[in-house]
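run.txt follows (compact mmCIF, C-alpha atoms (C1' of nucleotides)):
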```
# COMPACT_ATOMS: atom_id res chain seq x y z
CA MET A 151 50.71 -53.29 31.16
CA THR A 152 52.20 -52.12 27.91
CA GLU A 153 49.32 -53.10 25.70
CA PRO A 154 49.99 -51.93 22.14
CA LEU A 155 48.83 -48.38 21.56
CA SER A 156 45.83 -47.85 19.34
CA ALA A 157 45.99 -45.53 16.36
CA ASP A 158 42.66 -44.11 17.48
CA MET A 159 43.84 -43.32 20.96
CA PHE A 160 43.20 -39.66 20.22
CA PRO A 161 40.21 -39.30 17.91
CA ASP A 162 40.24 -35.82 16.44
CA ALA A 163 36.76 -34.80 17.52
CA ASP A 164 37.61 -35.34 21.14
CA CYS A 165 41.06 -33.79 21.44
CA ALA A 166 42.71 -31.72 18.77
CA ASP A 167 39.59 -29.84 17.77
CA ARG A 168 38.55 -28.77 21.22
CA PRO A 169 39.66 -25.27 22.18
CA MET A 170 42.45 -26.01 24.65
CA PRO A 171 43.94 -22.96 26.34
CA PHE A 172 46.50 -25.11 28.14
CA ARG A 173 49.76 -26.42 26.79
CA VAL A 174 52.18 -28.80 28.46
CA GLY A 175 55.68 -28.35 27.12
CA GLY A 176 55.74 -28.63 23.33
CA LYS A 177 52.86 -29.45 21.06
CA TRP A 178 53.08 -33.19 21.65
CA THR A 179 54.34 -33.45 25.22
CA GLY A 180 50.91 -33.88 26.77
CA TRP A 181 49.96 -36.62 24.36
CA VAL A 182 53.19 -38.49 24.96
CA LEU A 183 52.44 -38.39 28.67
CA ARG A 184 49.05 -39.99 28.06
CA CYS A 185 50.56 -42.63 25.79
CA LEU A 186 53.12 -43.67 28.38
CA ASP A 187 50.78 -43.52 31.36
CA ASP A 188 50.10 -47.26 31.22
CA GLY A 189 53.74 -48.31 30.83
CA PRO A 190 56.70 -48.05 28.45
CA HIS A 191 56.20 -47.97 24.70
CA ARG A 192 58.29 -47.92 21.55
CA PHE A 193 59.12 -45.14 19.12
CA THR A 194 56.96 -46.37 16.26
CA GLU A 195 54.06 -47.13 18.56
CA LEU A 196 54.12 -43.51 19.64
CA ARG A 197 54.30 -42.34 16.05
CA VAL A 198 51.14 -44.23 15.15
CA ALA A 199 49.21 -43.12 18.21
CA LEU A 200 50.19 -39.49 17.59
CA HIS A 201 48.79 -39.47 14.07
CA TRP A 202 52.13 -40.05 12.34
CA VAL A 203 54.06 -37.14 13.70
CA THR A 204 57.26 -36.82 11.72
CA PRO A 205 60.12 -38.72 13.35
CA LYS A 206 62.12 -35.55 13.68
CA VAL A 207 59.50 -33.85 15.78
CA LEU A 208 58.85 -36.95 17.86
CA THR A 209 62.57 -37.33 18.52
CA GLU A 210 62.84 -33.72 19.57
CA THR A 211 59.88 -34.08 21.91
CA LEU A 212 61.27 -37.25 23.49
CA ARG A 213 64.77 -35.79 23.85
CA ALA A 214 63.41 -32.69 25.55
CA MET A 215 61.37 -34.78 27.95
CA GLU A 216 64.34 -37.01 28.67
CA ARG A 217 66.53 -33.98 29.29
CA ASP A 218 64.02 -32.60 31.79
CA GLY A 219 63.75 -35.94 33.58
CA PHE A 220 60.18 -36.74 32.51
CA LEU A 221 61.01 -40.05 30.86
CA THR A 222 63.76 -42.60 30.39
CA ARG A 223 65.06 -44.01 27.13
CA THR A 224 66.04 -47.67 27.25
CA VAL A 225 67.92 -49.31 24.37
CA HIS A 226 67.57 -53.10 24.24
CA ASP A 227 70.56 -54.60 22.47
CA GLU A 228 68.70 -56.74 20.00
CA ASN A 229 68.31 -57.08 16.30
CA PRO A 230 66.18 -55.39 15.09
CA PRO A 231 66.88 -52.63 17.60
CA ARG A 232 64.27 -51.94 20.22
CA VAL A 233 64.02 -48.70 22.16
CA GLU A 234 61.48 -48.11 24.86
CA TYR A 235 60.36 -44.89 26.49
CA GLY A 236 58.87 -44.89 29.97
CA LEU A 237 57.77 -42.22 32.41
CA THR A 238 59.81 -41.36 35.48
CA VAL A 239 58.20 -40.47 38.79
CA LEU A 240 58.66 -36.83 37.88
CA GLY A 241 56.99 -37.31 34.51
CA ARG A 242 54.13 -39.17 36.12
CA SER A 243 53.59 -36.29 38.52
CA LEU A 244 52.76 -34.09 35.54
CA ILE A 245 49.63 -36.09 34.84
CA GLY A 246 47.73 -34.62 37.79
CA PRO A 247 47.86 -31.01 36.59
CA LEU A 248 47.38 -32.25 33.04
CA ASP A 249 44.14 -33.93 34.04
CA GLY A 250 43.04 -30.73 35.76
CA ALA A 251 43.60 -28.80 32.56
CA CYS A 252 41.79 -31.40 30.45
CA ASP A 253 38.84 -31.43 32.83
CA TRP A 254 38.59 -27.68 32.57
CA ALA A 255 38.64 -27.86 28.78
CA ARG A 256 35.97 -30.55 28.73
CA ARG A 257 33.69 -28.58 31.00
CA HIS A 258 34.09 -25.17 29.42
CA ALA A 259 34.53 -25.94 25.72
CA PRO A 260 30.88 -25.09 24.99
CA GLU A 261 31.24 -21.69 26.63
CA ILE A 262 34.30 -20.87 24.56
CA ALA A 263 32.56 -21.98 21.39
CA GLU A 264 29.58 -19.81 22.28
CA ALA A 265 31.79 -16.81 23.06
CA ARG A 266 33.54 -17.19 19.73
CA GLY A 267 30.24 -17.39 17.94
CA ALA A 268 28.98 -14.26 19.67
CA TYR A 269 32.18 -12.31 19.01
CA ARG A 270 31.79 -9.71 16.26
CA SER A 271 34.21 -7.08 14.94
CA MET B 208 39.72 -3.47 44.59
CA THR B 209 41.56 -2.30 41.53
CA GLU B 210 44.66 -1.12 43.28
CA PRO B 211 47.22 0.06 40.73
CA LEU B 212 49.38 -2.77 39.46
CA SER B 213 53.00 -2.85 40.51
CA ALA B 214 55.78 -2.99 37.97
CA ASP B 215 57.41 -5.66 40.12
CA MET B 216 54.35 -7.87 40.19
CA PHE B 217 56.35 -10.55 38.39
CA PRO B 218 60.01 -10.43 39.44
CA ASP B 219 62.08 -12.35 36.93
CA ALA B 220 63.72 -14.72 39.37
CA ASP B 221 60.40 -16.08 40.52
CA CYS B 222 58.54 -16.54 37.26
CA ALA B 223 60.08 -16.25 33.84
CA ASP B 224 63.26 -18.09 34.72
CA ARG B 225 61.65 -21.12 36.27
CA PRO B 226 61.25 -24.07 33.93
CA MET B 227 57.51 -24.04 33.28
CA PRO B 228 56.21 -26.95 31.22
CA PHE B 229 52.69 -25.48 31.24
CA ARG B 230 51.31 -22.79 29.03
CA VAL B 231 47.90 -21.14 29.23
CA GLY B 232 46.89 -19.77 25.84
CA GLY B 233 49.58 -17.48 24.45
CA LYS B 234 52.76 -16.42 26.16
CA TRP B 235 51.12 -13.68 28.20
CA THR B 236 47.63 -15.06 28.83
CA GLY B 237 48.44 -16.51 32.24
CA TRP B 238 50.04 -13.31 33.44
CA VAL B 239 47.07 -11.24 32.29
CA LEU B 240 44.82 -13.54 34.29
CA ARG B 241 46.88 -12.90 37.41
CA CYS B 242 46.88 -9.14 36.81
CA LEU B 243 43.10 -9.00 36.50
CA ASP B 244 42.36 -11.38 39.35
CA ASP B 245 41.78 -8.52 41.82
CA GLY B 246 39.58 -6.46 39.51
CA PRO B 247 39.60 -4.55 36.20
CA HIS B 248 42.69 -2.75 35.00
CA ARG B 249 43.73 -0.49 32.15
CA PHE B 250 45.84 -1.13 29.08
CA THR B 251 48.91 0.79 30.19
CA GLU B 252 48.76 -0.67 33.69
CA LEU B 253 48.98 -4.11 32.15
CA ARG B 254 51.87 -3.03 29.93
CA VAL B 255 53.88 -1.91 32.93
CA ALA B 256 53.14 -5.00 35.02
CA LEU B 257 54.06 -7.28 32.11
CA HIS B 258 57.52 -5.77 31.74
CA TRP B 259 56.60 -3.42 28.91
CA VAL B 260 55.28 -5.93 26.45
CA THR B 261 54.88 -4.22 23.11
CA PRO B 262 51.38 -2.80 22.62
CA LYS B 263 50.90 -4.95 19.57
CA VAL B 264 51.43 -8.18 21.46
CA LEU B 265 49.35 -7.04 24.42
CA THR B 266 46.50 -6.05 22.11
CA GLU B 267 46.63 -9.44 20.39
CA THR B 268 46.55 -11.22 23.73
CA LEU B 269 43.63 -9.18 25.02
CA ARG B 270 41.66 -9.53 21.79
CA ALA B 271 42.10 -13.31 21.81
CA MET B 272 40.99 -13.53 25.43
CA GLU B 273 38.00 -11.30 24.71
CA ARG B 274 37.06 -13.44 21.72
CA ASP B 275 37.15 -16.59 23.84
CA GLY B 276 35.04 -14.99 26.55
CA PHE B 277 37.77 -14.77 29.20
CA LEU B 278 37.53 -11.02 29.68
CA THR B 279 35.44 -7.98 28.83
CA ARG B 280 36.64 -4.73 27.31
CA THR B 281 34.88 -1.62 28.59
CA VAL B 282 35.37 1.77 26.91
CA HIS B 283 34.61 4.76 29.11
CA ASP B 284 33.64 7.74 26.98
CA GLU B 285 35.98 10.28 28.54
CA ASN B 286 38.89 12.44 27.58
CA PRO B 287 41.56 11.19 27.81
CA PRO B 288 40.07 7.81 26.78
CA ARG B 289 39.90 5.09 29.39
CA VAL B 290 39.55 1.40 28.61
CA GLU B 291 39.29 -1.25 31.27
CA TYR B 292 39.73 -4.99 31.01
CA GLY B 293 38.07 -7.29 33.53
CA LEU B 294 37.73 -11.03 33.89
CA THR B 295 34.48 -12.82 33.15
CA VAL B 296 33.28 -15.76 35.22
CA LEU B 297 34.72 -18.04 32.55
CA GLY B 298 38.08 -16.30 32.66
CA ARG B 299 38.11 -16.49 36.44
CA SER B 300 37.50 -20.23 36.26
CA LEU B 301 40.85 -20.60 34.49
CA ILE B 302 42.69 -19.51 37.60
CA GLY B 303 42.14 -22.82 39.39
CA PRO B 304 43.95 -25.00 36.85
CA LEU B 305 46.51 -22.22 36.45
CA ASP B 306 47.28 -22.36 40.15
CA GLY B 307 47.61 -26.12 39.91
CA ALA B 308 50.17 -25.77 37.16
CA CYS B 309 52.10 -23.09 39.04
CA ASP B 310 52.16 -25.18 42.19
CA TRP B 311 53.57 -28.08 40.23
CA ALA B 312 56.26 -25.87 38.75
CA ARG B 313 57.20 -24.46 42.14
CA ARG B 314 57.48 -27.90 43.69
CA HIS B 315 59.35 -29.65 40.91
CA ALA B 316 61.60 -26.93 39.50
CA PRO B 317 64.61 -28.25 41.44
CA GLU B 318 64.15 -31.74 40.02
CA ILE B 319 64.02 -30.40 36.47
CA ALA B 320 67.12 -28.33 37.07
CA GLU B 321 68.88 -31.38 38.46
CA ALA B 322 67.82 -33.55 35.53
CA ARG B 323 69.11 -30.96 33.09
CA GLY B 324 72.40 -30.79 34.90
CA ALA B 325 72.77 -34.56 34.86
CA TYR B 326 71.87 -34.83 31.18
CA ARG B 327 74.84 -35.52 28.95
CA SER B 328 75.07 -36.26 25.25
C1' DC C 187 63.27 -50.09 13.48
C1' DT C 188 65.17 -45.95 14.95
C1' DG C 189 66.24 -41.58 14.12
C1' DC C 190 69.64 -38.18 12.03
C1' DA C 191 70.43 -34.45 8.14
C1' DT C 192 68.69 -31.08 5.35
C1' DC C 193 65.61 -27.88 3.82
C1' DC C 194 61.45 -25.27 4.22
C1' DT C 195 57.12 -22.76 5.89
C1' DA C 196 54.20 -20.66 9.24
C1' DC C 197 53.53 -18.45 13.25
C1' DA C 198 54.66 -16.25 17.61
C1' DT C 199 57.02 -12.54 19.27
C1' DG C 200 59.14 -8.21 19.12
C1' DA C 201 61.04 -3.24 17.69
C1' DT C 202 59.83 1.03 15.91
C1' DA C 203 57.06 4.64 14.37
C1' DC C 204 52.75 6.76 13.94
C1' DT C 205 47.42 8.10 14.87
C1' DG C 206 42.68 9.53 17.02
C1' DC D 162 45.81 7.09 26.61
C1' DA D 163 45.07 3.34 23.77
C1' DG D 164 46.02 1.56 20.37
C1' DT D 165 47.38 0.56 14.73
C1' DA D 166 50.81 -0.19 10.89
C1' DT D 167 54.91 -1.90 9.28
C1' DC D 168 58.93 -4.47 9.38
C1' DA D 169 62.07 -7.86 11.28
C1' DT D 170 63.39 -12.23 13.56
C1' DG D 171 63.53 -16.57 16.00
C1' DT D 172 61.73 -20.83 16.65
C1' DA D 173 58.38 -24.61 16.30
C1' DG D 174 56.77 -27.69 13.36
C1' DG D 175 56.92 -30.38 9.16
C1' DA D 176 58.49 -32.86 4.43
C1' DT D 177 61.74 -35.69 2.51
C1' DG D 178 65.59 -38.63 2.11
C1' DC D 179 69.17 -41.44 4.01
C1' DA D 180 71.95 -44.35 7.57
C1' DG D 181 73.20 -47.78 11.33
```
Before anything else, please render the file you have as structure tokens.
Amino acid sequence: MTEPLSADMFPDADCADRPMPFRVGGKWTGWVLRCLDDGPHRFTELRVALHWVTPKVLTETLRAMERDGFLTRTVHDENPPRVEYGLTVLGRSLIGPLDGACDWARRHAPEIAEARGAYRS
Amino acid sequence: MTEPLSADMFPDADCADRPMPFRVGGKWTGWVLRCLDDGPHRFTELRVALHWVTPKVLTETLRAMERDGFLTRTVHDENPPRVEYGLTVLGRSLIGPLDGACDWARRHAPEIAEARGAYRS
DNA sequence: CTGCATCCTACATGATACTG
DNA sequence: CAGTATCATGTAGGATGCAG
């Protein structure tokens, strides 16, 4: 596990641009869950995968998820410092409903696009 | 169908106060879905059930849902005017994932509360 | 590398008053 | 009844720079 995360893990056409009526926590919480699904990863790895979110926002997201028990933050006492974030059992349990929401979005995105196109006034 | 909506349809203790990491659309979208699940209802009925949301916010929510094809707006040409909002098939299909999210929240709310209590620093 | 401090903008939400 | 118009506010999200 813990293969390095790809910067193209979330190509725009397939994720951000699709009308997604569901939100999990903050704007980035769902994506962090997906990033950590295969094992722990580091701060900068997450930054790259999440299209260079600003460190402030990423820190806030991670702190909130840690506070709610969705992930753990592990500091390895090395130089240079290494910090790893990994999902807890509770955090992992979020992935089921998250998948349900994503499946819905995948299946019904065309209908939403059509409805928006047909909407006038 | 279309029994009048109760003002206590969403008692605070059971909904708004529970930590809910999921969001469907805007803040009120999920609650509108629940209100319309049993059939069409009127603007003011929705206002009452949703704890007297301001008309501006309710209008914005309903317009957005209409635009995305989740509900239909029907104007009955009477006096006084009567407008009814009802779910489309697409809107109804949102209820499945919504239930999944709510079930998750119900089951794991205690763990989140515990994690928040244990969180220090 | 990690992530805090500061400042800033945009949007979501809301209160209040008014109209056909 | 079913909204619209206007104004106000809080918070999420982001840009930039600096520190351990």
Which chain C residues are at most 9 Å from chain B (counting only C-alpha atoms (C1' of nucleotides)), as an NGL selection string? :C and (198-201)
Give me, as a VMD selection string, the contact residues of chain B against chain A at a cut-off of 6 Å, counting all atoms listed in the file. chain B and resid 228 to 232 274 to 276 304 307 to 308 319 322 to 323 326
Where does chain A end up after superposition onto chain B over all in-order Cα pairs? Give it as a short mmCIF file (atom, residue, chain, number, x, y, z; two decimals) with C-alpha atoms, in the coordinates of the input.
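The result, written out as out_16.cif:
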```cif
data_model
loop_
_atom_site.label_atom_id
_atom_site.label_comp_id
_atom_site.auth_asym_id
_atom_site.auth_seq_id
_atom_site.Cartn_x
_atom_site.Cartn_y
_atom_site.Cartn_z
CA MET A 151 39.81 -3.61 44.58
CA THR A 152 41.63 -2.36 41.54
CA GLU A 153 44.74 -1.20 43.30
CA PRO A 154 47.29 0.00 40.74
CA LEU A 155 49.44 -2.83 39.44
CA SER A 156 53.07 -2.89 40.48
CA ALA A 157 55.83 -3.07 37.91
CA ASP A 158 57.45 -5.74 40.05
CA MET A 159 54.39 -7.92 40.16
CA PHE A 160 56.37 -10.59 38.35
CA PRO A 161 60.01 -10.47 39.44
CA ASP A 162 62.07 -12.42 36.94
CA ALA A 163 63.70 -14.80 39.40
CA ASP A 164 60.35 -16.09 40.52
CA CYS A 165 58.46 -16.50 37.25
CA ALA A 166 60.02 -16.23 33.84
CA ASP A 167 63.20 -18.06 34.73
CA ARG A 168 61.60 -21.07 36.31
CA PRO A 169 61.22 -24.04 33.98
CA MET A 170 57.48 -24.01 33.32
CA PRO A 171 56.19 -26.92 31.25
CA PHE A 172 52.68 -25.47 31.25
CA ARG A 173 51.31 -22.78 29.00
CA VAL A 174 47.91 -21.11 29.17
CA GLY A 175 46.89 -19.75 25.81
CA GLY A 176 49.57 -17.46 24.38
CA LYS A 177 52.77 -16.40 26.04
CA TRP A 178 51.13 -13.69 28.14
CA THR A 179 47.65 -15.07 28.78
CA GLY A 180 48.48 -16.54 32.18
CA TRP A 181 50.05 -13.33 33.39
CA VAL A 182 47.10 -11.26 32.25
CA LEU A 183 44.85 -13.57 34.25
CA ARG A 184 46.92 -12.93 37.37
CA CYS A 185 46.91 -9.18 36.77
CA LEU A 186 43.14 -9.04 36.48
CA ASP A 187 42.42 -11.43 39.33
CA ASP A 188 41.86 -8.59 41.80
CA GLY A 189 39.62 -6.52 39.52
CA PRO A 190 39.64 -4.60 36.23
CA HIS A 191 42.74 -2.77 35.04
CA ARG A 192 43.79 -0.51 32.20
CA PHE A 193 45.87 -1.16 29.11
CA THR A 194 48.95 0.75 30.22
CA GLU A 195 48.81 -0.71 33.70
CA LEU A 196 49.02 -4.14 32.13
CA ARG A 197 51.89 -3.07 29.92
CA VAL A 198 53.94 -1.98 32.91
CA ALA A 199 53.19 -5.07 34.97
CA LEU A 200 54.08 -7.32 32.04
CA HIS A 201 57.54 -5.83 31.64
CA TRP A 202 56.61 -3.49 28.79
CA VAL A 203 55.26 -5.98 26.34
CA THR A 204 54.85 -4.26 23.01
CA PRO A 205 51.35 -2.83 22.58
CA LYS A 206 50.80 -4.95 19.52
CA VAL A 207 51.34 -8.17 21.38
CA LEU A 208 49.31 -7.03 24.38
CA THR A 209 46.44 -6.04 22.10
CA GLU A 210 46.54 -9.39 20.37
CA THR A 211 46.52 -11.21 23.70
CA LEU A 212 43.60 -9.16 25.02
CA ARG A 213 41.61 -9.52 21.79
CA ALA A 214 42.07 -13.28 21.81
CA MET A 215 40.95 -13.51 25.41
CA GLU A 216 37.97 -11.29 24.71
CA ARG A 217 37.04 -13.41 21.71
CA ASP A 218 37.13 -16.56 23.82
CA GLY A 219 35.01 -14.97 26.55
CA PHE A 220 37.76 -14.76 29.19
CA LEU A 221 37.52 -11.02 29.70
CA THR A 222 35.45 -7.97 28.85
CA ARG A 223 36.66 -4.71 27.34
CA THR A 224 34.92 -1.61 28.64
CA VAL A 225 35.42 1.78 26.98
CA HIS A 226 34.65 4.75 29.23
CA ASP A 227 33.69 7.75 27.12
CA GLU A 228 36.04 10.25 28.65
CA ASN A 229 38.91 12.42 27.63
CA PRO A 230 41.59 11.13 27.81
CA PRO A 231 40.10 7.79 26.81
CA ARG A 232 39.96 5.08 29.42
CA VAL A 233 39.61 1.40 28.64
CA GLU A 234 39.35 -1.25 31.28
CA TYR A 235 39.75 -5.00 31.03
CA GLY A 236 38.10 -7.31 33.53
CA LEU A 237 37.74 -11.06 33.89
CA THR A 238 34.47 -12.82 33.15
CA VAL A 239 33.27 -15.78 35.20
CA LEU A 240 34.70 -18.03 32.52
CA GLY A 241 38.07 -16.30 32.66
CA ARG A 242 38.10 -16.51 36.42
CA SER A 243 37.49 -20.24 36.23
CA LEU A 244 40.82 -20.60 34.46
CA ILE A 245 42.68 -19.53 37.57
CA GLY A 246 42.09 -22.82 39.37
CA PRO A 247 43.93 -24.99 36.84
CA LEU A 248 46.49 -22.22 36.43
CA ASP A 249 47.25 -22.35 40.13
CA GLY A 250 47.57 -26.13 39.91
CA ALA A 251 50.14 -25.76 37.16
CA CYS A 252 52.06 -23.07 39.06
CA ASP A 253 52.10 -25.17 42.21
CA TRP A 254 53.52 -28.07 40.26
CA ALA A 255 56.23 -25.86 38.80
CA ARG A 256 57.13 -24.46 42.20
CA ARG A 257 57.42 -27.89 43.74
CA HIS A 258 59.31 -29.62 40.96
CA ALA A 259 61.55 -26.88 39.56
CA PRO A 260 64.57 -28.19 41.51
CA GLU A 261 64.11 -31.67 40.06
CA ILE A 262 64.00 -30.33 36.53
CA ALA A 263 67.08 -28.23 37.13
CA GLU A 264 68.87 -31.27 38.52
CA ALA A 265 67.81 -33.44 35.58
CA ARG A 266 69.08 -30.84 33.15
CA GLY A 267 72.36 -30.64 34.98
CA ALA A 268 72.75 -34.41 34.91
CA TYR A 269 71.84 -34.69 31.23
CA ARG A 270 74.85 -35.37 29.01
CA SER A 271 75.10 -36.05 25.26
#
```
Cut-off 9 Å around (61.9, -34.8, 5.9) with only C-alpha atoms (C1' of nucleotides): residues as a list in words: Thr204, Pro205 and Lys206 of chain A; DA191, DT192 and DC193 of chain C; DG175, DA176, DT177 and DG178 of chain D
_Taking 6 positions as the minimum chain separation for residues in the same chain, which residues sit within 7 Å of Glu291 of chain B when counting only C-alpha atoms (C1' of nucleotides)? Answer as JSON, numbers by chain._
{"B": [247, 248, 249, 250, 280, 281, 282]}
Pull C-alpha atoms from the residues just selected and write them as a PDB file, keeping the file's coordinate frame.
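Dumped everything to again-v8.pdb:
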```pdb
ATOM      1  CA  PRO B 247      39.600  -4.550  36.200  1.00  0.00           C
ATOM      2  CA  HIS B 248      42.690  -2.750  35.000  1.00  0.00           C
ATOM      3  CA  ARG B 249      43.730  -0.490  32.150  1.00  0.00           C
ATOM      4  CA  PHE B 250      45.840  -1.130  29.080  1.00  0.00           C
ATOM      5  CA  ARG B 280      36.640  -4.730  27.310  1.00  0.00           C
ATOM      6  CA  THR B 281      34.880  -1.620  28.590  1.00  0.00           C
ATOM      7  CA  VAL B 282      35.370   1.770  26.910  1.00  0.00           C
TER       8      VAL B 282
END
```
Smallest atom-to-atom distance to chain B: which of D:DG174, D:DC179, D:DC162, D:DC168, using only C-alpha atoms (C1' of nucleotides)?
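Smallest distance to chain B is found for D:DC162.
Taking only C-alpha atoms (C1' of nucleotides) into account, chain D lies nearest to B:Leu269 out of the set B:Leu278, B:Leu269, B:Leu257, B:Val296.
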Separating atom C1' of DT202 of chain C from atom C1' of DT172 of chain D, to the nearest tenth of an Å, is a gap of 22.0 Å
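With distances restricted to all atoms listed in the file, A:Trp202 is the closest residue to chain D from A:Arg184, A:Pro154, A:Gly189, A:Trp202.
Atom pair atom CA of Leu294 of chain B / atom CA of Trp235 of chain B: separated by 14.8 Å.
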Pick out the closest residue to DA163 of chain D from this set: B:Arg289, B:Arg313, B:Arg299, B:His258. Count only C-alpha atoms (C1' of nucleotides).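 Smallest distance to DA163 of chain D is found for B:Arg289.
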One decimal place gives the atom CA of Met159 of chain A-atom CA of Ala199 of chain A separation as 6.0 Å
Item to complete: Around the point (61.5, -46.3, 13.7) in the file's coordinates, collect all residues with an atom within 6 Å, using all atoms listed in the file, and return them as JSON, numbers by chain.
Response: {"A": [194], "C": [187, 188]}
